[in-house]
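Next comes run_27.tsv, with TSV, C-alpha atoms and all ligand atoms.
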chain	number	residue	atom	x	y	z
A	14	MET	CA	-35.93	22.35	4.18
A	15	ALA	CA	-33.06	20.10	3.11
A	16	ASP	CA	-30.55	18.76	5.62
A	17	ILE	CA	-27.01	20.00	6.16
A	18	LEU	CA	-24.23	17.86	4.72
A	19	TYR	CA	-20.57	18.06	5.73
A	20	LEU	CA	-17.88	16.47	3.57
A	21	VAL	CA	-15.02	15.58	5.89
A	22	VAL	CA	-11.61	15.12	4.27
A	23	PRO	CA	-8.45	14.18	6.19
A	24	CYS	CA	-5.36	15.63	4.51
A	25	TYR	CA	-1.76	14.71	5.17
A	26	ASN	CA	0.83	16.23	2.85
A	27	GLU	CA	-1.74	16.60	0.08
A	28	GLU	CA	-0.61	19.89	-1.50
A	29	GLN	CA	-0.54	18.28	-4.93
A	30	VAL	CA	-4.15	17.17	-4.94
A	31	LEU	CA	-5.95	19.59	-2.63
A	32	PRO	CA	-6.79	22.37	-5.12
A	33	GLU	CA	-8.30	19.83	-7.51
A	34	THR	CA	-10.11	17.97	-4.73
A	35	ALA	CA	-11.56	21.19	-3.35
A	36	LYS	CA	-12.66	22.22	-6.86
A	37	ARG	CA	-14.46	18.97	-7.54
A	38	LEU	CA	-16.07	18.80	-4.11
A	39	THR	CA	-17.21	22.42	-4.38
A	40	GLU	CA	-18.78	21.75	-7.78
A	41	LYS	CA	-20.50	18.67	-6.45
A	42	LEU	CA	-21.80	20.32	-3.31
A	43	SER	CA	-22.94	23.49	-5.12
A	44	GLY	CA	-24.83	21.32	-7.58
A	45	MET	CA	-26.54	19.48	-4.77
A	46	ILE	CA	-27.42	22.71	-2.98
A	47	GLU	CA	-28.91	24.15	-6.18
A	48	GLY	CA	-30.83	20.95	-6.78
A	49	GLY	CA	-32.24	21.25	-3.27
A	50	ALA	CA	-30.81	17.91	-2.13
A	51	VAL	CA	-28.89	19.49	0.72
A	52	SER	CA	-29.03	22.74	2.68
A	53	PRO	CA	-27.01	25.83	1.61
A	54	GLU	CA	-25.32	25.58	5.01
A	55	SER	CA	-23.51	22.45	3.83
A	56	ARG	CA	-19.71	22.61	3.99
A	57	ILE	CA	-16.49	20.92	2.95
A	58	LEU	CA	-14.33	20.36	6.02
A	59	LEU	CA	-10.65	19.81	5.33
A	60	VAL	CA	-8.69	18.41	8.26
A	61	ASN	CA	-4.98	19.09	8.19
A	62	ASP	CA	-3.33	16.18	9.95
A	63	GLY	CA	-0.04	17.83	10.87
A	64	SER	CA	1.18	18.04	7.26
A	65	ARG	CA	4.78	19.00	6.68
A	66	ASP	CA	4.11	20.60	3.31
A	67	ARG	CA	1.94	23.58	2.32
A	68	THR	CA	-1.38	21.78	2.91
A	69	TRP	CA	-2.57	24.17	5.63
A	70	GLU	CA	-1.70	27.32	3.63
A	71	ILE	CA	-3.66	25.89	0.72
A	72	ILE	CA	-6.65	25.16	2.97
A	73	ARG	CA	-6.50	28.72	4.30
A	74	THR	CA	-6.47	30.17	0.77
A	75	LEU	CA	-9.31	27.91	-0.30
A	76	HIS	CA	-11.32	29.05	2.72
A	77	GLU	CA	-10.71	32.71	1.96
A	78	GLU	CA	-11.77	32.27	-1.65
A	79	ASN	CA	-14.79	30.18	-0.86
A	80	PRO	CA	-16.71	30.21	2.42
A	81	MET	CA	-18.05	26.76	1.61
A	82	VAL	CA	-14.61	25.34	2.45
A	83	CYS	CA	-13.78	25.08	6.17
A	84	GLY	CA	-10.62	23.86	7.82
A	85	VAL	CA	-9.41	22.27	11.00
A	86	LYS	CA	-5.75	22.06	11.88
A	87	LEU	CA	-4.56	19.36	14.24
A	88	SER	CA	-1.61	20.18	16.46
A	89	ARG	CA	0.46	17.39	14.89
A	90	ASN	CA	0.18	14.28	12.73
A	91	LYS	CA	-2.19	11.86	14.47
A	92	GLY	CA	-2.88	9.43	11.63
A	93	HIS	CA	-5.76	8.98	9.22
A	94	GLN	CA	-8.25	7.54	11.74
A	95	ASN	CA	-7.76	10.25	14.34
A	96	ALA	CA	-7.85	12.99	11.71
A	97	LEU	CA	-11.11	11.57	10.45
A	98	LEU	CA	-12.53	11.46	13.96
A	99	ALA	CA	-11.44	15.05	14.59
A	100	GLY	CA	-13.27	16.14	11.44
A	101	LEU	CA	-16.41	14.15	12.21
A	102	MET	CA	-16.55	15.44	15.77
A	103	THR	CA	-16.10	19.02	14.56
A	104	ALA	CA	-18.91	18.52	12.03
A	105	MET	CA	-21.26	16.74	14.45
A	106	PRO	CA	-22.88	19.77	16.13
A	107	LEU	CA	-23.11	21.65	12.83
A	108	CYS	CA	-24.50	19.04	10.43
A	109	ASP	CA	-27.33	16.57	9.93
A	110	MET	CA	-25.09	14.13	8.09
A	111	ALA	CA	-21.39	13.85	7.31
A	112	ILE	CA	-19.57	11.97	4.58
A	113	SER	CA	-15.92	11.07	5.08
A	114	LEU	CA	-13.71	10.68	2.04
A	115	ASP	CA	-10.03	10.70	1.09
A	116	ALA	CA	-8.24	13.77	-0.20
A	117	ASP	CA	-6.75	11.98	-3.19
A	118	LEU	CA	-10.00	11.61	-5.20
A	119	GLN	CA	-9.80	7.83	-5.06
A	120	ASP	CA	-13.32	7.78	-3.68
A	121	ASP	CA	-15.77	8.48	-6.50
A	122	VAL	CA	-17.33	11.88	-5.80
A	123	ASP	CA	-20.29	11.16	-8.08
A	124	VAL	CA	-21.88	8.65	-5.74
A	125	ILE	CA	-22.38	11.29	-3.04
A	126	ASP	CA	-25.94	11.76	-4.36
A	127	GLN	CA	-26.62	8.08	-3.74
A	128	PHE	CA	-25.30	8.32	-0.20
A	129	VAL	CA	-27.60	11.25	0.48
A	130	ALA	CA	-30.55	9.50	-1.17
A	131	GLU	CA	-30.03	6.54	1.19
A	132	TYR	CA	-29.85	8.95	4.11
A	133	TYR	CA	-33.24	10.44	3.19
A	134	LYS	CA	-34.63	6.91	3.01
A	135	GLY	CA	-33.90	6.69	6.71
A	136	HIS	CA	-30.45	5.09	6.87
A	137	ASP	CA	-28.12	6.40	9.54
A	138	VAL	CA	-24.98	4.86	8.11
A	139	VAL	CA	-24.23	4.38	4.42
A	140	TYR	CA	-21.12	2.38	3.56
A	141	GLY	CA	-19.25	2.97	0.34
A	142	VAL	CA	-18.15	-0.40	-0.99
A	143	ARG	CA	-15.62	-0.82	-3.80
A	144	LYS	CA	-16.89	-2.73	-6.79
A	145	LYS	CA	-13.44	-3.91	-7.87
A	146	ARG	CA	-9.96	-3.55	-6.55
A	147	ASP	CA	-8.25	-3.26	-9.93
A	148	THR	CA	-6.50	0.01	-9.11
A	149	ASP	CA	-4.58	-1.77	-6.34
A	150	THR	CA	-1.38	-3.75	-6.69
A	151	ALA	CA	-1.79	-7.55	-6.64
A	152	PHE	CA	-0.06	-7.56	-3.27
A	153	LYS	CA	-2.41	-5.02	-1.69
A	154	ARG	CA	-5.38	-6.92	-3.10
A	155	ALA	CA	-4.21	-10.27	-1.71
A	156	THR	CA	-3.41	-8.86	1.73
A	157	ALA	CA	-6.74	-7.04	1.84
A	158	VAL	CA	-8.67	-10.23	1.04
A	159	GLY	CA	-6.69	-12.08	3.72
A	160	PHE	CA	-7.36	-9.34	6.24
A	161	TYR	CA	-11.12	-9.24	5.71
A	162	ARG	CA	-11.31	-13.04	5.88
A	163	PHE	CA	-9.28	-13.13	9.06
A	164	MET	CA	-11.42	-10.45	10.69
A	165	LYS	CA	-14.55	-12.34	9.74
A	166	ALA	CA	-13.13	-15.59	11.15
A	167	LEU	CA	-12.42	-13.76	14.39
A	168	GLY	CA	-16.06	-12.76	14.54
A	169	VAL	CA	-15.57	-9.05	13.90
A	170	ASP	CA	-18.45	-7.49	12.03
A	171	ILE	CA	-16.76	-5.56	9.24
A	172	VAL	CA	-18.09	-4.55	5.83
A	173	GLN	CA	-15.97	-6.15	3.07
A	174	ASN	CA	-14.13	-3.81	0.74
A	175	HIS	CA	-15.36	-0.76	2.59
A	176	ALA	CA	-12.67	1.76	3.42
A	177	ASP	CA	-13.57	4.97	5.17
A	178	TYR	CA	-15.86	6.37	2.49
A	179	ARG	CA	-19.16	6.53	4.36
A	180	LEU	CA	-22.06	8.70	5.38
A	181	MET	CA	-23.11	9.01	8.99
A	182	SER	CA	-26.17	10.81	10.32
A	183	LYS	CA	-25.98	13.14	13.29
A	184	ARG	CA	-27.43	10.39	15.46
A	185	ALA	CA	-24.76	7.92	14.31
A	186	LEU	CA	-22.04	10.53	14.94
A	187	GLU	CA	-23.36	11.06	18.45
A	188	GLY	CA	-23.14	7.32	18.91
A	189	LEU	CA	-19.57	7.33	17.62
A	190	ALA	CA	-18.70	10.11	20.08
A	191	GLN	CA	-19.45	7.72	22.93
A	192	PHE	CA	-16.77	5.26	21.85
A	193	ASP	CA	-13.80	6.87	23.49
A	194	GLU	CA	-11.14	4.27	22.76
A	195	VAL	CA	-7.68	5.50	21.94
A	196	ASN	CA	-6.86	2.65	19.53
A	197	LEU	CA	-9.23	3.79	16.87
A	198	PHE	CA	-10.38	1.51	14.07
A	199	LEU	CA	-13.45	3.20	12.65
A	200	ARG	CA	-14.35	0.39	10.24
A	201	GLY	CA	-14.82	-1.88	13.23
A	202	ILE	CA	-16.56	0.66	15.47
A	203	VAL	CA	-19.15	2.01	13.05
A	204	PRO	CA	-20.98	-1.35	12.61
A	205	LEU	CA	-21.15	-1.56	16.42
A	206	ILE	CA	-23.21	1.63	16.54
A	207	GLY	CA	-26.13	-0.21	15.00
A	208	TYR	CA	-28.97	1.91	13.50
A	209	PRO	CA	-30.28	1.23	9.98
A	210	SER	CA	-27.53	1.10	7.38
A	211	ALA	CA	-27.20	0.75	3.61
A	212	VAL	CA	-24.47	0.12	1.09
A	213	VAL	CA	-23.53	2.09	-2.03
A	214	TYR	CA	-21.19	0.58	-4.63
A	215	TYR	CA	-18.56	2.70	-6.32
A	216	ASP	CA	-15.46	2.46	-8.49
A	217	ARG	CA	-12.24	3.37	-6.78
A	218	HIS	CA	-9.97	5.51	-8.93
A	219	GLU	CA	-6.23	5.84	-9.01
A	220	ARG	CA	-4.73	8.40	-6.66
A	221	PHE	CA	-5.05	11.75	-8.45
A	222	ALA	CA	-1.54	12.92	-7.55
A	223	GLY	CA	1.09	12.49	-4.86
A	224	GLU	CA	1.82	9.16	-3.25
A	225	SER	CA	0.13	6.85	-0.79
A	226	LYS	CA	0.55	7.72	2.88
A	227	TYR	CA	0.07	4.08	3.74
A	228	PRO	CA	3.35	2.28	3.12
A	229	LEU	CA	3.49	-1.44	3.91
A	230	LYS	CA	4.67	-0.90	7.48
A	231	LYS	CA	1.76	1.40	8.32
A	232	MET	CA	-0.68	-0.92	6.55
A	233	LEU	CA	0.45	-3.91	8.60
A	234	SER	CA	0.29	-2.03	11.87
A	235	PHE	CA	-3.18	-0.78	10.93
A	236	ALA	CA	-4.32	-4.35	10.27
A	237	PHE	CA	-2.77	-5.54	13.53
A	238	ASP	CA	-4.49	-2.76	15.48
A	239	GLY	CA	-7.77	-3.65	13.83
A	240	ILE	CA	-7.46	-7.26	14.89
A	241	THR	CA	-6.28	-6.75	18.45
A	242	SER	CA	-8.66	-3.86	19.18
A	243	PHE	CA	-11.65	-5.92	18.19
A	244	SER	CA	-11.08	-9.48	19.20
A	245	VAL	CA	-9.66	-11.38	22.14
A	246	LYS	CA	-9.71	-14.55	20.03
A	247	PRO	CA	-5.93	-14.54	19.45
A	248	ILE	CA	-5.48	-14.82	23.22
A	249	ARG	CA	-7.97	-17.70	23.33
A	250	LEU	CA	-6.05	-19.41	20.52
A	251	ILE	CA	-2.95	-19.17	22.66
A	252	THR	CA	-4.74	-20.84	25.54
A	253	ALA	CA	-5.91	-23.62	23.23
A	254	LEU	CA	-2.38	-24.01	21.87
A	255	GLY	CA	-1.03	-24.22	25.40
A	256	ILE	CA	-3.49	-26.97	26.30
A	257	ILE	CA	-2.69	-28.96	23.18
A	258	ILE	CA	1.05	-28.72	23.71
A	259	PHE	CA	0.71	-29.62	27.37
A	260	ALA	CA	-1.33	-32.71	26.46
A	261	ALA	CA	1.21	-33.66	23.80
A	262	SER	CA	4.06	-33.37	26.29
A	263	LEU	CA	2.18	-35.61	28.74
A	264	LEU	CA	1.79	-38.25	26.04
A	265	MET	CA	5.46	-37.93	25.22
A	266	LEU	CA	6.33	-38.40	28.87
A	267	LEU	CA	4.26	-41.60	29.01
A	268	TYR	CA	5.96	-42.87	25.87
A	269	PHE	CA	9.46	-42.22	27.18
A	270	LEU	CA	8.56	-43.78	30.52
A	271	ALA	CA	7.34	-46.89	28.71
A	272	ILE	CA	10.51	-47.35	26.67
A	273	TRP	CA	12.59	-46.67	29.76
A	274	LEU	CA	10.71	-49.45	31.59
A	275	MET	CA	11.39	-51.73	28.64
A	276	GLY	CA	15.05	-51.13	29.28
A	277	ARG	CA	15.81	-49.09	26.20
A	278	THR	CA	17.40	-45.77	27.09
A	279	VAL	CA	16.60	-42.71	25.10
A	280	GLN	CA	19.31	-41.56	22.78
A	281	GLY	CA	17.16	-38.81	21.39
A	282	TRP	CA	19.27	-35.71	21.58
A	283	THR	CA	17.54	-34.51	18.45
A	284	THR	CA	14.06	-34.80	19.88
A	285	LEU	CA	15.19	-32.97	22.97
A	286	VAL	CA	16.68	-30.05	21.16
A	287	CYS	CA	13.76	-29.87	18.75
A	288	SER	CA	11.21	-29.75	21.52
A	289	ILE	CA	13.11	-27.12	23.46
A	290	TRP	CA	13.25	-24.87	20.46
A	291	MET	CA	9.67	-25.52	19.52
A	292	ILE	CA	8.30	-24.82	22.97
A	293	GLY	CA	10.58	-21.82	23.32
A	294	GLY	CA	9.33	-20.40	20.05
A	295	ILE	CA	5.71	-20.95	20.89
A	296	GLN	CA	6.16	-19.33	24.27
A	297	LEU	CA	7.77	-16.27	22.77
A	298	LEU	CA	5.00	-15.99	20.21
A	299	CYS	CA	2.35	-16.24	22.90
A	300	LEU	CA	4.12	-13.70	25.07
A	301	GLY	CA	4.24	-11.39	22.08
A	302	VAL	CA	0.51	-11.62	21.48
A	303	ILE	CA	-0.29	-11.12	25.15
A	304	GLY	CA	2.17	-8.24	25.24
A	305	GLU	CA	0.32	-6.65	22.34
A	306	TYR	CA	-2.91	-6.65	24.33
A	307	ILE	CA	-1.18	-5.31	27.42
A	308	GLY	CA	0.29	-2.55	25.28
A	309	LYS	CA	-3.24	-1.74	24.07
A	310	ILE	CA	-4.53	-1.62	27.63
A	311	TYR	CA	-1.61	0.63	28.57
A	312	GLY	CA	-2.56	2.98	25.76
A	313	GLU	CA	-6.21	3.00	26.79
A	314	VAL	CA	-5.75	3.58	30.53
A	315	LYS	CA	-3.64	6.65	29.94
A	316	ARG	CA	-6.72	8.30	28.40
A	317	ARG	CA	-4.63	10.65	26.35
A	318	PRO	CA	-6.50	12.96	23.95
A	319	ARG	CA	-6.76	11.47	20.50
A	320	TYR	CA	-6.16	14.81	18.82
A	321	LEU	CA	-5.81	18.49	19.68
A	322	ILE	CA	-7.18	21.20	17.44
A	323	GLU	CA	-4.82	24.09	16.90
A	324	GLU	CA	-6.91	26.26	14.62
A	325	THR	CA	-10.35	26.21	13.00
A	326	LEU	CA	-11.47	28.06	9.86
A	327	ARG	CA	-15.23	28.47	9.71
B	1	LIG	N1	-4.00	10.63	5.85
B	1	LIG	C1	-4.01	11.38	7.02
B	1	LIG	N2	-3.03	11.16	7.96
B	1	LIG	C2	-2.04	10.22	7.79
B	1	LIG	C3	-2.05	9.45	6.61
B	1	LIG	C4	-3.04	9.66	5.66
B	1	LIG	O1	-4.88	12.21	7.22
B	1	LIG	O2	-1.19	10.11	8.68
B	1	LIG	C5	-5.05	10.85	4.83
B	1	LIG	C6	-4.54	11.12	3.44
B	1	LIG	O3	-4.26	12.48	3.24
B	1	LIG	C7	-5.71	10.66	2.58
B	1	LIG	C8	-6.29	9.52	3.40
B	1	LIG	O4	-5.80	9.67	4.72
B	1	LIG	O5	-6.70	11.65	2.44
B	1	LIG	C9	-5.92	8.15	2.85
B	1	LIG	O6	-4.52	8.06	2.67
B	1	LIG	P1	-3.86	7.48	1.34
B	1	LIG	O7	-4.64	7.91	0.14
B	1	LIG	O8	-2.43	7.85	1.35
B	1	LIG	O9	-4.03	5.92	1.59
B	1	LIG	P2	-4.31	4.78	0.48
B	1	LIG	O10	-5.45	5.26	-0.36
B	1	LIG	O11	-3.06	4.65	-0.29
B	1	LIG	O12	-4.65	3.57	1.30
B	2	MG	MG	-5.56	6.97	-1.32
Rewrite the coordinates I just gave you, this time as structure tokens.
Amino acid sequence: MADILYLVVPCYNEEQVLPETAKRLTEKLSGMIEGGAVSPESRILLVNDGSRDRTWEIIRTLHEENPMVCGVKLSRNKGHQNALLAGLMTAMPLCDMAISLDADLQDDVDVIDQFVAEYYKGHDVVYGVRKKRDTDTAFKRATAVGFYRFMKALGVDIVQNHADYRLMSKRALEGLAQFDEVNLFLRGIVPLIGYPSAVVYYDRHERFAGESKYPLKKMLSFAFDGITSFSVKPIRLITALGIIIFAASLLMLLYFLAIWLMGRTVQGWTTLVCSIWMIGGIQLLCLGVIGEYIGKIYGEVKRRPRYLIEETLR
């Protein structure tokens, strides 16, 4: 008896692509069911992340036409990561494995077979890794490279060029369920689960229709969250910086004392002003970084729910 697969798709204002996405996923899943790769109880789970357009109506129609399509409606927009989590947690008790993928058909649907093949080989997590980034703008490519490098330098275990296209077994999902942090960065959490994992390479396509829901501002804040949720190294850097600057100021003090003893008074207005501004700037920067962590802690201690489900179509 083949295992049950759930395809989990977060959707935010995706009315333009959803019918096509559902069609392609249905074809794919039906083919796999017929081929005996997965159980006939396998489903496509569309998560409506508080869309403002007709996304939910479309999901409802798709569900009525085809029982293979299920839906979950969040009470409001909670962001990609939370929508994904909501879908995975809904699928967890019902499936043996779940694959998360984007609604815009950027993730190549044809490699799903390879994901499942790796699962049957005994891997609990299968990461989809992009072969090339040629469908991205030069800017997005450069910032992505910088981000992955920075994360690596900070000691965060993160799979390069892996977005959120991945398969997780039931066991891995149950592991994920135990990470109850509010500042969710799945790419960082999933490697922490451990269990055997594999990688599948795929070509990332252009967005099928509609526009990206990740404008620069959101992208930057996502990167910042990723860094500060996974590493306290920036705070350590601040400590190191503080020590260095303190040592430098001691040396400076000795120097000025020496020239004062030699009878030459300091005229250095410039040096004075420069150092005040420099120290002031560094202090503000450090306060900002510390503040960021305190903000994170504030968010975590409130223990607010990460999402609320308003309606489920099964
Ligand atoms: N998404 C979501 N909630 C949001 C923003 C995005 O569920 O607040 C979904 C979106 O519908 C898509 C996926 O997350 O399925 C990735 O978003 P998008 O394709 O816009 O990002 P990009 O590929 O441009 O990075
Ligand atoms: Mg996309």
task: Just the residues within 6 Å of Lys183 in chain A, please, counting all atoms listed in the file, with nothing from its chain fewer than 2 positions along; format it as a ChimeraX atom specification.
output: /A:109-110,185-186
message: Could you list, as a list in words, all protein and nucleic acid residues with an atom at most 7 Å from ligand LIG 1 (chain B), counting all atoms listed in the file?
response: Val22, Pro23, Cys24, Tyr25, Asn26, Glu27, Asn61, Asp62, Asn90, Lys91, Gly92, His93, Ala96, Asp115, Ala116, Asp117, Gln119, Arg220, Glu224, Ser225, Lys226 and Tyr227 of chain A
task: Determine the nearest neighbour of Glu40 in chain A from the options A:Leu87, A:Glu78, A:Val122, A:Leu97, counting all atoms listed in the file.
output: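 Of A:Leu87, A:Glu78, A:Val122, A:Leu97, the one nearest Glu40 in chain A, counting all atoms listed in the file, is A:Val122.
Atom pair CA of Pro318 in chain A / CA of Val85 in chain A has a distance of 16.2 Å (rounded to one decimal).
Reported to one decimal place, the separation of CA of Trp290 in chain A from CA of Met265 in chain A is 15.9 Å.
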- request: Determine, counting only C-alpha atoms, which protein, DNA and RNA residues have an atom within 9 Å of an atom of range 36-38 of chain A; residues of the same chain fewer than 6 positions away are not included. Present the result as number ranges by chain.
  value: A: 20, 57, 118, 122
field: Residue among A:Lys41, A:Arg162, A:Lys134, A:Arg56 lying closest to Cys83 in chain A, counting all atoms listed in the file
entry: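 For Cys83 in chain A, the nearest of the candidates is A:Arg56.
Environment of (-23.9, 15.5, -7.2): residues at most 12 Å away, judged by all atoms listed in the file, are Arg37, Leu38, Thr39, Glu40, Lys41, Leu42, Ser43, Gly44, Met45, Ile46, Glu47, Gly48, Gly49, Ala50, Val51, Asp121, Val122, Asp123, Val124, Ile125, Asp126, Gln127, Phe128, Val129 and Ala130 of chain A.
Nearest to ligand MG 2 (chain B) of all the residues A:Ile17, A:Ala35, A:Val30, A:Ile307 is A:Val30, based on all atoms listed in the file.
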query: Which neighbours of Gln29 in chain A fall inside 10 Å, counting all atoms listed in the file, when residues of the same chain fewer than 3 positions from it are skipped, and could you give them as a PyMOL selection string?
result: chain A and resi 26+32-34+66-68+71+117+221-224
Using only C-alpha atoms and all ligand atoms: which of A:Ile257, A:Ala99, A:Leu114, A:Met164 has the shortest distance to ligand MG 2 (chain B):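 Using only C-alpha atoms and all ligand atoms, the shortest distance to ligand MG 2 (chain B) belongs to A:Leu114.
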task: Scan for residues within 12 Å of the point (-13.8, -12.5, 21.2) in the coordinates of the file, using all atoms listed in the file, and reply as a PyMOL selection string.
output: chain A and resi 164-170+240-250
- prompt: Of the residues A:Leu229, A:Ala260, A:Val138, A:Ile292, which is the one nearest to Tyr208 in chain A, using all atoms listed in the file?
  reply: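 Closest to Tyr208 in chain A of all the choices is A:Val138.
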- prompt: Which of these, A:Phe198, A:Cys108, A:Ser113, A:Asp120, has the shortest distance to Asn95 in chain A once you count all atoms listed in the file?
  reply: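 Closest residue, counting all atoms listed in the file: A:Phe198.
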Complete range 218-230 of chain A at the level of N, CA and C atoms, written as a CSV table (one decimal), keeping the file's coordinate frame.
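Okay, this is what ended up in out_5.csv:
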chain,number,residue,atom,x,y,z
A,218,HIS,N,-10.9,5.0,-7.9
A,218,HIS,CA,-10.0,5.5,-8.9
A,218,HIS,C,-8.5,5.4,-8.4
A,219,GLU,N,-7.6,5.7,-9.4
A,219,GLU,CA,-6.2,5.8,-9.0
A,219,GLU,C,-6.1,7.1,-8.2
A,220,ARG,N,-5.0,7.2,-7.4
A,220,ARG,CA,-4.7,8.4,-6.7
A,220,ARG,C,-4.5,9.5,-7.7
A,221,PHE,N,-5.1,10.7,-7.5
A,221,PHE,CA,-5.0,11.8,-8.4
A,221,PHE,C,-3.6,12.3,-8.6
A,222,ALA,N,-2.9,12.5,-7.5
A,222,ALA,CA,-1.5,12.9,-7.6
A,222,ALA,C,-0.9,12.6,-6.2
A,223,GLY,N,0.4,12.8,-6.1
A,223,GLY,CA,1.1,12.5,-4.9
A,223,GLY,C,1.2,11.0,-4.6
A,224,GLU,N,1.7,10.6,-3.5
A,224,GLU,CA,1.8,9.2,-3.2
A,224,GLU,C,1.1,8.7,-2.0
A,225,SER,N,0.9,7.4,-1.9
A,225,SER,CA,0.1,6.8,-0.8
A,225,SER,C,0.8,7.1,0.5
A,226,LYS,N,0.0,7.5,1.5
A,226,LYS,CA,0.6,7.7,2.9
A,226,LYS,C,0.5,6.5,3.7
A,227,TYR,N,0.1,5.4,3.0
A,227,TYR,CA,0.1,4.1,3.7
A,227,TYR,C,1.1,3.1,3.2
A,228,PRO,N,2.4,3.3,3.6
A,228,PRO,CA,3.4,2.3,3.1
A,228,PRO,C,3.1,1.0,3.8
A,229,LEU,N,3.7,-0.1,3.4
A,229,LEU,CA,3.5,-1.4,3.9
A,229,LEU,C,3.5,-1.5,5.4
A,230,LYS,N,4.5,-0.8,6.0
A,230,LYS,CA,4.7,-0.9,7.5
A,230,LYS,C,3.4,-0.4,8.2
